[in-house]
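Novice: File protein18.txt follows (compact mmCIF, C-alpha atoms):
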# COMPACT_ATOMS: atom_id res chain seq x y z
CA MET A 24 -26.42 -1.76 23.22
CA ARG A 25 -29.31 -4.21 23.36
CA LEU A 26 -29.77 -7.99 23.35
CA ARG A 27 -32.32 -9.63 21.09
CA SER A 28 -33.13 -12.91 19.41
CA ALA A 29 -31.05 -13.74 16.38
CA VAL A 30 -33.54 -16.23 14.92
CA GLY A 31 -33.93 -15.57 11.23
CA ALA A 32 -31.15 -12.97 11.10
CA ALA A 33 -28.62 -15.28 9.52
CA ALA A 34 -31.08 -16.37 6.86
CA PHE A 35 -31.90 -12.75 6.04
CA ALA A 36 -28.22 -11.86 5.77
CA CYS A 37 -27.45 -14.80 3.52
CA ALA A 38 -30.25 -13.77 1.21
CA LEU A 39 -28.78 -10.26 1.12
CA ALA A 40 -25.29 -11.58 0.35
CA GLY A 41 -26.47 -14.13 -2.17
CA CYS A 42 -24.95 -17.20 -0.52
CA ALA A 43 -25.30 -19.11 2.75
CA GLY A 44 -21.96 -18.68 4.58
CA ALA A 45 -20.91 -15.41 3.05
CA HIS A 46 -20.12 -13.97 6.44
CA ARG A 47 -17.76 -16.75 7.40
CA GLY A 48 -14.08 -17.00 6.56
CA THR A 49 -10.74 -15.65 7.58
CA GLY A 50 -11.26 -12.13 6.33
CA ASP A 51 -7.89 -12.25 4.58
CA ALA A 52 -9.54 -12.02 1.17
CA HIS A 53 -12.03 -9.22 0.68
CA PRO A 54 -15.28 -10.63 -0.82
CA ALA A 55 -16.04 -9.88 -4.46
CA ARG A 56 -17.69 -6.50 -4.94
CA ALA A 57 -21.21 -6.20 -6.30
CA PRO A 58 -21.74 -3.25 -8.70
CA GLY A 59 -22.49 -0.07 -6.75
CA ALA A 60 -21.65 -1.61 -3.37
CA ALA A 61 -19.98 0.28 -0.53
CA SER A 62 -17.05 -1.01 1.50
CA LEU A 63 -16.72 -1.20 5.28
CA PHE A 64 -13.49 -1.69 7.24
CA VAL A 65 -13.40 -1.90 11.03
CA PHE A 66 -10.00 -1.72 12.72
CA ALA A 67 -9.65 -2.91 16.33
CA ARG A 68 -6.86 -2.21 18.77
CA GLY A 69 -5.87 -5.29 20.73
CA GLY A 70 -8.29 -8.18 20.91
CA ALA A 71 -11.85 -8.00 19.60
CA PRO A 72 -14.90 -9.48 21.38
CA PRO A 73 -15.66 -13.08 20.36
CA ALA A 74 -18.49 -13.54 17.90
CA ASP A 75 -19.73 -16.32 15.65
CA ALA A 76 -20.70 -13.76 13.02
CA VAL A 77 -20.80 -9.97 12.69
CA PHE A 78 -23.14 -7.86 10.57
CA ALA A 79 -23.56 -4.21 9.66
CA ARG A 80 -27.11 -3.32 10.71
CA ARG A 81 -29.08 -1.01 8.46
CA GLU A 82 -31.47 1.57 9.86
CA ASP A 83 -34.37 -0.41 8.34
CA GLY A 84 -33.25 -3.51 10.27
CA GLY A 85 -31.54 -5.30 7.38
CA LEU A 86 -28.24 -7.04 8.01
CA ALA A 87 -25.13 -7.07 5.79
CA PRO A 88 -22.61 -9.84 6.61
CA LEU A 89 -18.99 -8.93 7.31
CA GLU A 90 -15.80 -10.99 7.12
CA VAL A 91 -14.14 -11.52 10.49
CA ALA A 92 -10.38 -11.33 9.99
CA SER A 93 -7.90 -13.42 11.90
CA ILE A 94 -5.26 -11.55 13.87
CA PRO A 95 -2.01 -11.69 11.87
CA ALA A 96 0.59 -14.08 13.29
CA GLY A 97 3.24 -12.25 15.26
CA SER A 98 1.05 -9.25 16.13
CA ARG A 99 1.57 -7.58 19.48
CA PRO A 100 -1.39 -8.00 21.91
CA ASP A 101 -2.17 -4.27 21.85
CA ALA A 102 -1.60 -3.79 18.11
CA GLU A 103 -4.29 -2.40 15.84
CA HIS A 104 -5.46 -4.76 13.11
CA ALA A 105 -8.18 -5.05 10.49
CA TRP A 106 -11.00 -6.85 12.31
CA LEU A 107 -13.99 -6.66 9.95
CA THR A 108 -14.25 -6.12 6.20
CA GLY A 109 -17.03 -6.37 3.68
CA TRP A 110 -18.89 -4.97 0.71
CA ILE A 111 -22.29 -3.74 1.87
CA PRO A 112 -25.30 -2.10 0.18
CA PRO A 113 -25.08 1.71 0.26
CA GLY A 114 -27.33 3.63 2.62
CA PRO A 115 -27.71 4.61 6.29
CA TYR A 116 -26.63 2.16 8.98
CA ALA A 117 -27.35 2.06 12.70
CA GLY A 118 -24.23 0.17 13.78
CA LEU A 119 -22.98 -3.39 14.10
CA GLU A 120 -24.61 -6.59 15.30
CA LEU A 121 -22.53 -9.32 16.93
CA HIS A 122 -23.95 -12.85 16.98
CA THR A 123 -22.52 -14.72 19.94
CA GLY A 124 -24.76 -17.78 19.70
CA PRO A 125 -27.77 -19.16 17.82
CA GLU A 126 -30.23 -17.17 19.90
CA THR A 127 -28.27 -14.06 20.93
CA ALA A 128 -27.36 -10.88 19.10
CA VAL A 129 -25.61 -7.87 20.62
CA ASP A 130 -26.15 -4.48 19.02
CA VAL A 131 -23.32 -1.94 18.96
CA PRO A 132 -24.94 1.36 17.97
CA PHE A 133 -23.03 3.79 15.78
CA PRO A 134 -24.79 5.55 12.90
CA PHE A 135 -22.86 5.85 9.63
CA LEU A 136 -23.59 6.32 5.95
CA ALA A 137 -22.21 3.85 3.40
CA ILE A 138 -21.68 5.43 -0.03
CA ALA A 139 -21.60 3.46 -3.27
CA ASP A 140 -18.09 2.66 -4.55
CA MET A 141 -16.57 4.35 -1.49
CA GLY A 142 -14.96 3.05 1.68
CA THR A 143 -16.05 3.62 5.29
CA VAL A 144 -13.55 3.10 8.10
CA LEU A 145 -14.53 2.66 11.75
CA LEU A 146 -12.28 2.21 14.77
CA ALA A 147 -13.27 -0.26 17.49
CA GLY A 148 -11.94 0.10 20.99
CA ALA A 149 -12.45 -1.03 24.56
CA PRO A 150 -15.54 0.45 26.23
CA PRO A 151 -15.33 2.88 29.15
CA ALA A 152 -16.01 1.65 32.66
CA ALA A 153 -19.62 0.49 32.90
CA THR A 154 -22.17 2.17 35.17
CA PRO A 155 -22.92 -0.08 38.17
CA GLY A 156 -25.94 -2.24 37.38
CA ALA A 157 -25.84 -1.51 33.64
CA PRO A 158 -24.70 -4.06 31.02
CA ALA A 159 -21.24 -3.35 29.68
CA PRO A 160 -21.01 -2.89 25.89
CA PRO A 161 -18.50 -5.22 24.19
CA LEU A 162 -16.83 -2.31 22.38
CA VAL A 163 -17.26 1.27 21.24
CA LEU A 164 -17.01 2.55 17.69
CA ALA A 165 -15.62 5.82 16.36
CA LYS A 166 -14.67 7.40 13.08
CA PRO A 167 -10.97 8.07 12.52
CA PRO A 168 -9.91 11.70 12.93
CA ALA A 169 -9.19 13.80 9.87
CA ILE A 170 -5.55 13.83 8.80
CA ALA A 171 -3.70 16.56 6.94
CA SER A 172 -2.62 15.42 3.48
CA GLY A 173 1.03 16.08 4.33
CA LEU A 174 0.88 13.44 7.07
CA LEU A 175 -0.42 10.62 4.92
CA GLY A 176 1.16 7.25 4.31
CA LEU A 177 -0.28 5.13 1.50
CA VAL A 178 -0.31 1.34 1.07
CA SER A 179 -1.78 -0.58 -1.85
CA VAL A 180 -3.60 -3.68 -0.56
CA ALA A 181 -4.11 -6.31 -3.24
CA SER A 182 -6.65 -8.49 -1.42
CA TRP A 183 -8.86 -5.48 -0.71
CA ASP A 184 -8.51 -3.89 -4.16
CA ALA A 185 -7.89 -0.74 -2.18
CA LEU A 186 -5.52 2.03 -1.19
CA GLU A 187 -5.10 2.37 2.56
CA LEU A 188 -4.31 5.80 4.02
CA PHE A 189 -2.79 6.18 7.48
CA ASP A 190 -1.30 8.88 9.70
CA LYS A 191 2.47 8.54 9.41
CA ARG A 192 2.97 10.06 12.88
CA SER A 193 0.38 8.17 14.94
CA GLY A 194 -0.04 5.10 12.74
CA ARG A 195 -3.85 5.30 12.91
CA VAL A 196 -5.75 4.29 9.79
CA ALA A 197 -7.55 7.22 8.16
CA GLN A 198 -9.32 5.73 5.14
CA VAL A 199 -9.47 2.72 2.85
CA LEU A 200 -10.35 3.66 -0.73
CA PRO A 201 -11.54 1.02 -3.21
CA VAL A 202 -9.47 1.81 -6.33
CA GLY A 203 -9.79 -1.22 -8.61
CA ARG A 204 -8.57 -4.75 -9.07
CA GLY A 205 -5.01 -5.70 -8.24
CA PRO A 206 -3.52 -2.42 -6.97
CA GLY A 207 0.27 -2.31 -7.06
CA GLY A 208 2.83 0.45 -7.48
CA ILE A 209 2.08 3.98 -6.24
CA ALA A 210 3.35 7.36 -7.46
CA ILE A 211 2.61 10.66 -5.71
CA ASP A 212 2.33 14.11 -7.26
CA VAL A 213 2.80 16.26 -4.17
CA ALA A 214 2.18 19.58 -5.95
CA HIS A 215 -1.29 18.51 -7.07
CA LEU A 216 -1.97 16.18 -4.12
CA ARG A 217 -2.67 13.19 -6.32
CA ALA A 218 -1.69 9.56 -6.10
CA TYR A 219 -1.48 7.20 -9.05
CA VAL A 220 -2.04 3.49 -8.41
CA ALA A 221 -1.26 0.76 -10.94
CA LEU A 222 -4.22 -1.63 -11.35
CA ARG A 223 -2.92 -4.93 -12.63
CA GLY A 224 -6.36 -6.56 -12.72
CA ASP A 225 -8.08 -3.67 -14.49
CA ASP A 226 -5.34 -2.85 -17.03
CA GLY A 227 -5.35 0.75 -15.89
CA VAL A 228 -4.32 3.35 -13.34
CA ALA A 229 -6.45 4.92 -10.60
CA VAL A 230 -6.00 8.66 -10.07
CA VAL A 231 -6.68 9.47 -6.40
CA ASP A 232 -7.44 12.96 -5.07
CA LEU A 233 -5.64 12.95 -1.72
CA LEU A 234 -7.32 16.12 -0.50
CA GLU A 235 -10.84 14.77 -1.02
CA GLU A 236 -9.82 11.13 -0.46
CA ARG A 237 -11.59 9.79 -3.53
CA VAL A 238 -10.82 8.24 -6.90
CA ARG A 239 -10.84 11.17 -9.28
CA GLU A 240 -10.69 9.15 -12.52
CA ARG A 241 -9.11 6.09 -14.12
CA VAL A 242 -6.64 5.83 -16.97
CA ILE A 243 -7.61 2.99 -19.31
CA LEU A 244 -4.74 1.08 -20.90
CA ARG A 245 -4.80 -1.88 -23.29
CA GLY A 246 -6.18 -5.28 -22.41
CA GLY A 247 -3.46 -7.52 -21.03
CA ASP A 248 -1.14 -4.67 -19.99
CA ALA A 249 -1.34 -5.67 -16.30
CA PRO A 250 0.52 -2.57 -15.06
CA ALA A 251 2.78 -3.24 -12.08
CA ASP A 252 4.39 0.11 -11.26
CA VAL A 253 4.06 3.83 -11.94
CA ALA A 254 6.26 6.94 -11.69
CA VAL A 255 5.40 10.59 -12.28
CA THR A 256 7.71 13.30 -13.61
CA PRO A 257 8.68 16.15 -11.26
CA ASP A 258 6.35 18.59 -13.07
CA GLY A 259 3.45 16.18 -12.64
CA ARG A 260 2.54 16.26 -16.33
CA THR A 261 3.68 12.80 -17.43
CA LEU A 262 3.08 9.43 -15.84
CA LEU A 263 5.15 6.39 -16.79
CA VAL A 264 3.49 2.99 -16.38
CA ALA A 265 5.43 -0.29 -16.37
CA ASN A 266 3.14 -2.84 -18.05
CA ALA A 267 4.18 -6.29 -16.81
CA GLY A 268 1.71 -8.06 -19.09
CA SER A 269 2.74 -6.50 -22.41
CA ASP A 270 6.46 -5.78 -21.80
CA THR A 271 5.94 -2.07 -22.46
CA VAL A 272 6.06 1.31 -20.75
CA SER A 273 3.15 3.67 -21.32
CA PHE A 274 3.41 7.47 -21.35
CA VAL A 275 0.28 9.06 -19.87
CA ASP A 276 -0.74 12.71 -20.14
CA THR A 277 -1.91 13.36 -16.58
CA ILE A 278 -4.02 16.38 -17.54
CA ALA A 279 -6.05 14.47 -20.12
CA ALA A 280 -5.67 11.15 -18.25
CA VAL A 281 -4.96 9.27 -21.50
CA GLU A 282 -2.06 7.23 -22.84
CA THR A 283 -0.19 9.11 -25.55
CA GLU A 284 2.64 6.73 -26.46
CA ARG A 285 4.37 3.51 -25.41
CA VAL A 286 7.74 1.82 -25.92
CA ALA A 287 8.82 -1.82 -25.73
CA VAL A 288 11.13 -2.77 -22.85
CA GLY A 289 12.39 -6.01 -21.28
CA ALA A 290 10.36 -9.04 -20.27
CA ARG A 291 7.88 -8.34 -17.45
CA PRO A 292 8.73 -4.81 -16.29
CA VAL A 293 7.90 -4.44 -12.61
CA SER A 294 9.64 -1.26 -11.46
CA VAL A 295 10.25 2.21 -12.90
CA VAL A 296 12.15 5.15 -11.43
CA ILE A 297 12.50 8.65 -12.92
CA ALA A 298 15.62 10.82 -12.55
CA PRO A 299 15.14 14.01 -10.47
CA ASP A 300 15.42 16.19 -13.58
CA GLY A 301 12.65 14.19 -15.27
CA ARG A 302 14.65 13.46 -18.41
CA LYS A 303 15.39 9.76 -18.01
CA ALA A 304 13.58 6.78 -16.54
CA TYR A 305 14.98 3.38 -15.62
CA VAL A 306 12.77 0.33 -16.10
CA VAL A 307 13.50 -2.97 -14.39
CA ALA A 308 12.19 -6.15 -16.07
CA GLU A 309 12.31 -9.12 -13.71
CA ARG A 310 12.41 -11.78 -16.44
CA GLY A 311 15.17 -10.08 -18.37
CA THR A 312 18.83 -9.33 -17.80
CA ALA A 313 18.83 -5.61 -18.46
CA VAL A 314 17.50 -2.28 -17.23
CA THR A 315 15.93 -0.26 -20.04
CA VAL A 316 16.77 3.46 -20.04
CA VAL A 317 13.97 5.62 -21.46
CA ASP A 318 14.26 9.17 -22.75
CA VAL A 319 11.15 10.73 -21.24
CA ASN A 320 10.98 13.78 -23.52
CA ALA A 321 11.68 11.91 -26.76
CA ARG A 322 9.52 8.92 -25.75
CA THR A 323 12.21 6.52 -26.94
CA VAL A 324 14.57 3.89 -25.55
CA ALA A 325 17.92 5.59 -24.88
CA GLY A 326 19.89 2.48 -23.98
CA THR A 327 20.12 -0.60 -21.79
CA ILE A 328 22.20 -1.69 -18.81
CA ALA A 329 23.16 -5.37 -18.59
CA THR A 330 22.21 -6.94 -15.25
CA ASP A 331 22.31 -10.31 -13.55
CA ALA A 332 19.28 -12.61 -13.65
CA GLY A 333 16.08 -11.52 -11.97
CA PRO A 334 16.49 -7.79 -11.32
CA VAL A 335 13.75 -6.59 -8.97
CA GLN A 336 14.31 -2.91 -8.28
CA ALA A 337 16.56 0.05 -9.09
CA ARG A 338 17.18 3.26 -7.18
CA LEU A 339 19.23 6.40 -7.87
CA GLY A 340 21.77 7.75 -5.41
CA GLY A 341 24.68 10.16 -5.06
CA ARG A 342 24.72 13.93 -4.69
CA SER A 343 23.40 14.46 -8.22
CA SER A 344 21.84 11.00 -8.67
CA GLU A 345 24.89 9.90 -10.63
CA PHE A 346 24.66 6.31 -9.42
CA LEU A 347 22.02 3.71 -10.21
CA TYR A 348 21.79 0.72 -7.89
CA VAL A 349 20.18 -2.49 -9.13
CA ALA A 350 19.12 -5.32 -6.79
CA HIS A 351 18.39 -8.88 -7.92
CA GLY A 352 16.17 -11.64 -6.66
CA ASP A 353 18.08 -14.40 -8.47
CA SER A 354 21.61 -13.15 -7.98
CA PRO A 355 23.54 -12.30 -4.79
CA TYR A 356 25.06 -9.20 -6.36
CA LEU A 357 24.08 -5.54 -6.27
CA LEU A 358 25.10 -3.52 -9.33
CA VAL A 359 26.49 -0.01 -9.04
CA VAL A 360 26.00 1.82 -12.35
CA ASP A 361 27.33 5.16 -13.55
CA ALA A 362 24.03 6.73 -14.63
CA PRO A 363 25.43 9.22 -17.21
CA SER A 364 27.46 6.63 -19.11
CA LEU A 365 25.30 3.55 -18.27
CA SER A 366 28.44 1.59 -17.43
CA VAL A 367 28.60 -0.87 -14.53
CA LEU A 368 31.13 0.34 -11.95
CA ARG A 369 30.90 -2.46 -9.39
CA ARG A 370 29.24 -5.78 -8.62
CA VAL A 371 28.88 -6.01 -4.86
CA TYR A 372 28.05 -9.23 -3.02
CA VAL A 373 25.08 -8.62 -0.70
CA GLY A 374 23.41 -12.03 -0.49
CA ASN A 375 20.55 -13.82 -2.22
CA GLY A 376 16.88 -12.96 -2.47
CA ALA A 377 16.75 -9.16 -2.62
CA ARG A 378 13.17 -7.88 -2.45
CA ALA A 379 13.34 -4.14 -1.74
CA LEU A 380 15.90 -1.36 -2.15
CA GLU A 381 16.29 2.29 -1.14
CA VAL A 382 19.11 4.86 -0.93
CA GLU A 383 19.29 7.53 1.75
CA PRO A 384 19.58 10.93 0.02
CA LYS A 385 21.73 12.59 2.69
CA THR A 386 24.19 9.82 3.55
CA GLY A 387 24.10 7.81 0.31
CA ARG A 388 23.77 4.62 2.34
CA VAL A 389 22.14 1.71 0.54
CA LEU A 390 19.23 -0.01 2.31
CA LEU A 391 18.42 -3.56 1.28
CA ALA A 392 15.78 -6.09 2.38
CA ARG A 393 16.09 -9.76 1.46
CA ALA A 394 13.54 -12.56 1.62
CA GLY A 395 13.45 -14.52 4.86
CA GLN A 396 15.87 -12.21 6.70
CA ARG A 397 13.43 -10.13 8.80
CA LYS A 398 15.78 -7.17 8.66
CA VAL A 399 16.97 -4.25 6.54
CA GLU A 400 20.72 -4.18 5.95
CA VAL A 401 22.53 -0.83 5.67
CA PHE A 402 25.62 -0.59 3.43
CA ASP A 403 28.24 2.13 3.31
CA PRO A 404 28.32 3.59 -0.24
CA GLY A 405 32.12 3.73 -0.31
CA SER A 406 33.21 0.37 1.05
CA PHE A 407 29.87 -1.41 0.57
CA LEU A 408 30.40 -3.11 3.89
CA PRO A 409 27.32 -3.56 6.11
CA VAL A 410 27.43 -0.85 8.78
CA ASP A 411 24.03 -1.24 10.40
CA GLU A 412 20.79 -3.21 10.29
CA ILE A 413 17.15 -2.70 11.27
CA THR A 414 15.44 -5.66 12.92
CA LEU A 415 11.87 -6.24 11.70
CA SER A 416 8.85 -8.15 13.00
CA GLY A 417 8.56 -10.04 9.70
CA ASP A 418 9.68 -10.11 6.09
CA ALA A 419 9.93 -6.76 4.29
CA VAL A 420 8.14 -6.46 0.95
CA TYR A 421 8.78 -2.77 0.20
CA LEU A 422 10.95 0.13 1.37
CA ALA A 423 10.04 3.80 1.04
CA LEU A 424 11.68 7.00 2.24
CA GLU A 425 9.74 9.52 4.31
CA ASN A 426 11.89 12.51 3.45
CA GLU A 427 10.17 15.14 5.60
CA GLY A 428 10.99 13.33 8.82
CA ASN A 429 14.17 11.72 7.51
CA ALA A 430 12.77 8.25 8.14
CA LEU A 431 12.56 4.87 6.43
CA GLY A 432 9.23 3.18 5.87
CA VAL A 433 9.16 -0.61 5.76
CA LEU A 434 6.14 -2.57 4.54
CA VAL A 435 6.11 -5.85 6.46
CA ALA A 436 4.13 -9.01 5.73
CA GLY A 437 3.29 -11.31 8.66
CA PRO A 438 2.42 -9.38 10.79
CA ARG A 439 0.97 -6.98 8.24
CA GLU A 440 2.16 -3.48 9.11
CA ALA A 441 3.91 -0.38 7.86
CA ASP A 442 6.78 0.65 10.16
CA LEU A 443 8.66 3.96 10.22
CA PHE A 444 12.22 3.97 11.53
CA GLY A 445 14.19 7.12 12.19
CA ASN A 446 17.49 7.33 10.32
CA SER A 447 19.14 8.50 13.52
CA GLY A 448 19.41 5.49 15.82
CA ARG A 449 17.17 3.34 13.59
CA ARG A 450 14.45 3.42 16.22
CA LEU A 451 10.84 2.53 15.51
CA GLN A 452 8.76 5.72 15.39
CA THR A 453 5.40 4.61 14.03
CA ARG A 454 3.60 1.34 13.35
CA ALA A 455 0.44 1.18 11.23
CA ALA A 456 -1.79 -1.83 10.62
CA VAL A 457 -2.30 -2.70 6.96
CA GLY A 458 -4.48 -5.14 5.08
CA PRO A 459 -3.54 -8.57 3.67
CA ASP A 460 -1.24 -8.83 0.65
CA PRO A 461 0.27 -5.32 0.91
CA VAL A 462 2.21 -4.42 -2.24
CA ALA A 463 3.67 -0.90 -2.17
CA LEU A 464 4.23 1.95 0.29
CA ARG A 465 4.59 5.67 -0.24
CA PHE A 466 4.48 8.88 1.84
CA VAL A 467 3.16 12.36 1.15
CA ASP A 468 5.70 14.96 2.20
CA ALA A 469 4.53 18.47 3.05
CA GLN A 470 5.54 21.05 0.46
What is this file in C-alpha cells?
Specialist:
Amino acid sequence: MRLRSAVGAAAFACALAGCAGAHRGTGDAHPARAPGAASLFVFARGGAPPADAVFARREDGGLAPLEVASIPAGSRPDAEHAWLTGWIPPGPYAGLELHTGPETAVDVPFPFLAIADMGTVLLAGAPPAATPGAPAPPLVLAKPPAIASGLLGLVSVASWDALELFDKRSGRVAQVLPVGRGPGGIAIDVAHLRAYVALRGDDGVAVVDLLEERVRERVILRGGDAPADVAVTPDGRTLLVANAGSDTVSFVDTIAAVETERVAVGARPVSVVIAPDGRKAYVVAERGTAVTVVDVNARTVAGTIATDAGPVQARLGGRSSEFLYVAHGDSPYLLVVDAPSLSVLRRVYVGNGARALEVEPKTGRVLLARAGQRKVEVFDPGSFLPVDEITLSGDAVYLALENEGNALGVLVAGPREADLFGNSGRRLQTRAAVGPDPVALRFVDAQ
C-alpha cells in the first residue's frame, strides 16, 4: 500500500472510459461492454472501505474506472456482496486504487491478468493486524479458490450479462463469466459438464464449459426470438429453447450447436421442462391459457393442456413423473395434471402471485413461492394442505433442487442471494451473494 497524489488521475480514467463520470453510480447496472474488453468483479465480505471512486490500476500506471455497488437492502452486516464491477481493458494489472479525496489515492497491490471477453473475480477482506508503526492497509485482495465442478451453483445475472458460479457448500463466489446480453434460463448437461444459458438480448444460447469455466460457443437463433428458457434431454444431444419473442420452441443439435427445427407454441413461452425419459417436453406460455406438450423425437406438438390465465412454471412429480403441476401468476389455483392423459385432475387453491415452483422427488411435496410473501410454502401432495414453510430474507424469484445434498435452492431478490435449505428441518445451509437482477438458479450434481 502507498499514498500518492490523485491529481490528474480522474481525468486520465475518464479519457480511458470515454465519459466523465463513468466510475460513478450505484453499480447495480454493469456498464456497457466495449468490444474485446475484460470484466472485473470484486466481492467484499461485510463493509468495504469508504472511497469516492475506485479504479483498477494497470502495471503501466493507467487507471480503469470501476462501478461501486451499493450494499443490497436487508443484507447482514457480515454478508458477502458484489462491491466493484466494471469492464476494463485487457492486460496486466497491479491492483486497485481507492480515491478517498481530491488529493489522496490509496493503492491496494494485487497483480492480476485481465483477459479479453473473460471475467476476473477478486475477493476483498479485512486486513490482518498491522505492524506497530506501519500504516494499515484498507483491505487485502485474494483470488477465489478453485472449486470442483460437482460443487458448483450457477446463477444468471441479467444486469451483468453474466453467469455467476459459486461453491454450493461454502457460498463463496468462484467466477463470473460474461455470456451475452440478457441471460435467463439455465440447463445443465452433467455428463458433459456443460451449461446452456438462454440469451434473450442476443437471440441465442451460450454454451459454457464448466470444467474450463469459459464460453465454449454460441448457438445463433433467429432475430426476435428472445429465448427465455432452455432444457436439455437426458442424453445431452438435444436442447429445447423456449423463444418468448417468436412464440416458438427451437430444437438444437448440441453436437453441431445449430438449430435443426422449431414448432409454434403458445403466446410468450417462458418455461420448458423435459420428462425424465426425454420423450416429451412441456412448454409454459405466460400470455396464453395452455401448456403445449411437445413430442421431442418427432419434433411436433403432441397436445395442449388448458390452464388458468398467466401460467408461469410447470414441474413434474410423482414416482414416475406421472403428475404435472402448473403454477399461475394471474390465478390463485395450482393445476394437478395427469401427464400420460393430459387431463386436469385437480385445481388447488394456493393463493395469488405464484412466481416459482418445485417438487421434491423423494416426498412429492410441492414447493411454491409467491410474490411479496418472503417465504416458500410446502404442500402435501395428497391433501394439498400447507404442511411447512421456509422463511426468506426477501422475495423468491426462482427455486431449484440440489439433488446431491437433498436441498432446496432459493434465488432471492433484495437482498440478492442464493440460499440453500436442507429438506430435513428446512435449515439454512449455505448463502451466496449474487449480482443484481438474478434470473435463474441451477446446481451441478456430482455424477
Novice: May I have the residues within 9 Å of A:Asp212 as an NGL selection string, using all atoms listed in the file and disregarding those fewer than 3 positions away in the same chain?
Specialist: :A and (215-219 or 255-259 or 467)
Novice: Using all atoms listed in the file, which residue out of A:Val389, A:Val457, A:Leu358, A:Ala463 lies closest to A:Asp190?
Specialist: A:Val457
Novice: Please, what distance in Å, to one decimal, runs between atom CA of A:Lys303 and atom CA of A:Phe346?
Specialist: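 Computing the Euclidean distance for atom CA of A:Lys303 and atom CA of A:Phe346 yields 13.1 Å.
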Novice: For A:Ala469, which residue among A:Gly326, A:Gly311, A:Gly173, A:Pro206 is the nearest when counting all atoms listed in the file?
Specialist: A:Gly173
Novice: Around stretch 189-205 of chain A, fit a box with edges along x, y and z, padding it by 4 Å on each side, then list its centre and edge lengths in Å to one decimal as lines of an AutoDock Vina configuration file.
Specialist:
center_x = -4.3
center_y = 2.2
center_z = 2.9
size_x = 22.5
size_y = 23.8
size_z = 32.0
Novice: Which residues come within 12 Å of stretch 292-295 of chain A, counting only C-alpha atoms, excluding same-chain residues fewer than 6 positions away, as a PyMOL selection string?
Specialist: chain A and resi 207-210+221+223+248-256+262-273+286+303-317+319+333-339+349-350+378-380+421+462-463
Novice: Only C-alpha atoms, please: the residues just picked out, written as an mmCIF file, keeping the file's coordinate frame.
Specialist:
data_model
loop_
_atom_site.group_PDB
_atom_site.id
_atom_site.type_symbol
_atom_site.label_atom_id
_atom_site.label_comp_id
_atom_site.auth_asym_id
_atom_site.auth_seq_id
_atom_site.Cartn_x
_atom_site.Cartn_y
_atom_site.Cartn_z
ATOM 1 C CA GLY A 207 0.270 -2.310 -7.060
ATOM 2 C CA GLY A 208 2.830 0.450 -7.480
ATOM 3 C CA ILE A 209 2.080 3.980 -6.240
ATOM 4 C CA ALA A 210 3.350 7.360 -7.460
ATOM 5 C CA ALA A 221 -1.260 0.760 -10.940
ATOM 6 C CA ARG A 223 -2.920 -4.930 -12.630
ATOM 7 C CA ASP A 248 -1.140 -4.670 -19.990
ATOM 8 C CA ALA A 249 -1.340 -5.670 -16.300
ATOM 9 C CA PRO A 250 0.520 -2.570 -15.060
ATOM 10 C CA ALA A 251 2.780 -3.240 -12.080
ATOM 11 C CA ASP A 252 4.390 0.110 -11.260
ATOM 12 C CA VAL A 253 4.060 3.830 -11.940
ATOM 13 C CA ALA A 254 6.260 6.940 -11.690
ATOM 14 C CA VAL A 255 5.400 10.590 -12.280
ATOM 15 C CA THR A 256 7.710 13.300 -13.610
ATOM 16 C CA LEU A 262 3.080 9.430 -15.840
ATOM 17 C CA LEU A 263 5.150 6.390 -16.790
ATOM 18 C CA VAL A 264 3.490 2.990 -16.380
ATOM 19 C CA ALA A 265 5.430 -0.290 -16.370
ATOM 20 C CA ASN A 266 3.140 -2.840 -18.050
ATOM 21 C CA ALA A 267 4.180 -6.290 -16.810
ATOM 22 C CA GLY A 268 1.710 -8.060 -19.090
ATOM 23 C CA SER A 269 2.740 -6.500 -22.410
ATOM 24 C CA ASP A 270 6.460 -5.780 -21.800
ATOM 25 C CA THR A 271 5.940 -2.070 -22.460
ATOM 26 C CA VAL A 272 6.060 1.310 -20.750
ATOM 27 C CA SER A 273 3.150 3.670 -21.320
ATOM 28 C CA VAL A 286 7.740 1.820 -25.920
ATOM 29 C CA LYS A 303 15.390 9.760 -18.010
ATOM 30 C CA ALA A 304 13.580 6.780 -16.540
ATOM 31 C CA TYR A 305 14.980 3.380 -15.620
ATOM 32 C CA VAL A 306 12.770 0.330 -16.100
ATOM 33 C CA VAL A 307 13.500 -2.970 -14.390
ATOM 34 C CA ALA A 308 12.190 -6.150 -16.070
ATOM 35 C CA GLU A 309 12.310 -9.120 -13.710
ATOM 36 C CA ARG A 310 12.410 -11.780 -16.440
ATOM 37 C CA GLY A 311 15.170 -10.080 -18.370
ATOM 38 C CA THR A 312 18.830 -9.330 -17.800
ATOM 39 C CA ALA A 313 18.830 -5.610 -18.460
ATOM 40 C CA VAL A 314 17.500 -2.280 -17.230
ATOM 41 C CA THR A 315 15.930 -0.260 -20.040
ATOM 42 C CA VAL A 316 16.770 3.460 -20.040
ATOM 43 C CA VAL A 317 13.970 5.620 -21.460
ATOM 44 C CA VAL A 319 11.150 10.730 -21.240
ATOM 45 C CA GLY A 333 16.080 -11.520 -11.970
ATOM 46 C CA PRO A 334 16.490 -7.790 -11.320
ATOM 47 C CA VAL A 335 13.750 -6.590 -8.970
ATOM 48 C CA GLN A 336 14.310 -2.910 -8.280
ATOM 49 C CA ALA A 337 16.560 0.050 -9.090
ATOM 50 C CA ARG A 338 17.180 3.260 -7.180
ATOM 51 C CA LEU A 339 19.230 6.400 -7.870
ATOM 52 C CA VAL A 349 20.180 -2.490 -9.130
ATOM 53 C CA ALA A 350 19.120 -5.320 -6.790
ATOM 54 C CA ARG A 378 13.170 -7.880 -2.450
ATOM 55 C CA ALA A 379 13.340 -4.140 -1.740
ATOM 56 C CA LEU A 380 15.900 -1.360 -2.150
ATOM 57 C CA TYR A 421 8.780 -2.770 0.200
ATOM 58 C CA VAL A 462 2.210 -4.420 -2.240
ATOM 59 C CA ALA A 463 3.670 -0.900 -2.170
#
Novice: Which is closest to A:Pro461 among A:Leu434, A:Phe64, A:Asp83, A:Ala279, if we use only C-alpha atoms?
Specialist: A:Leu434
Novice: Determine, counting all atoms listed in the file, which protein, DNA and RNA residues have an atom within 7 Å of an atom of A:Gly387; residues of the same chain fewer than 5 positions away are not included. Present the result as a list in words.
Specialist: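 Neighbouring residues, sequence-local ones excluded: Gly340, Gly341, Val382 and Pro404 of chain A.
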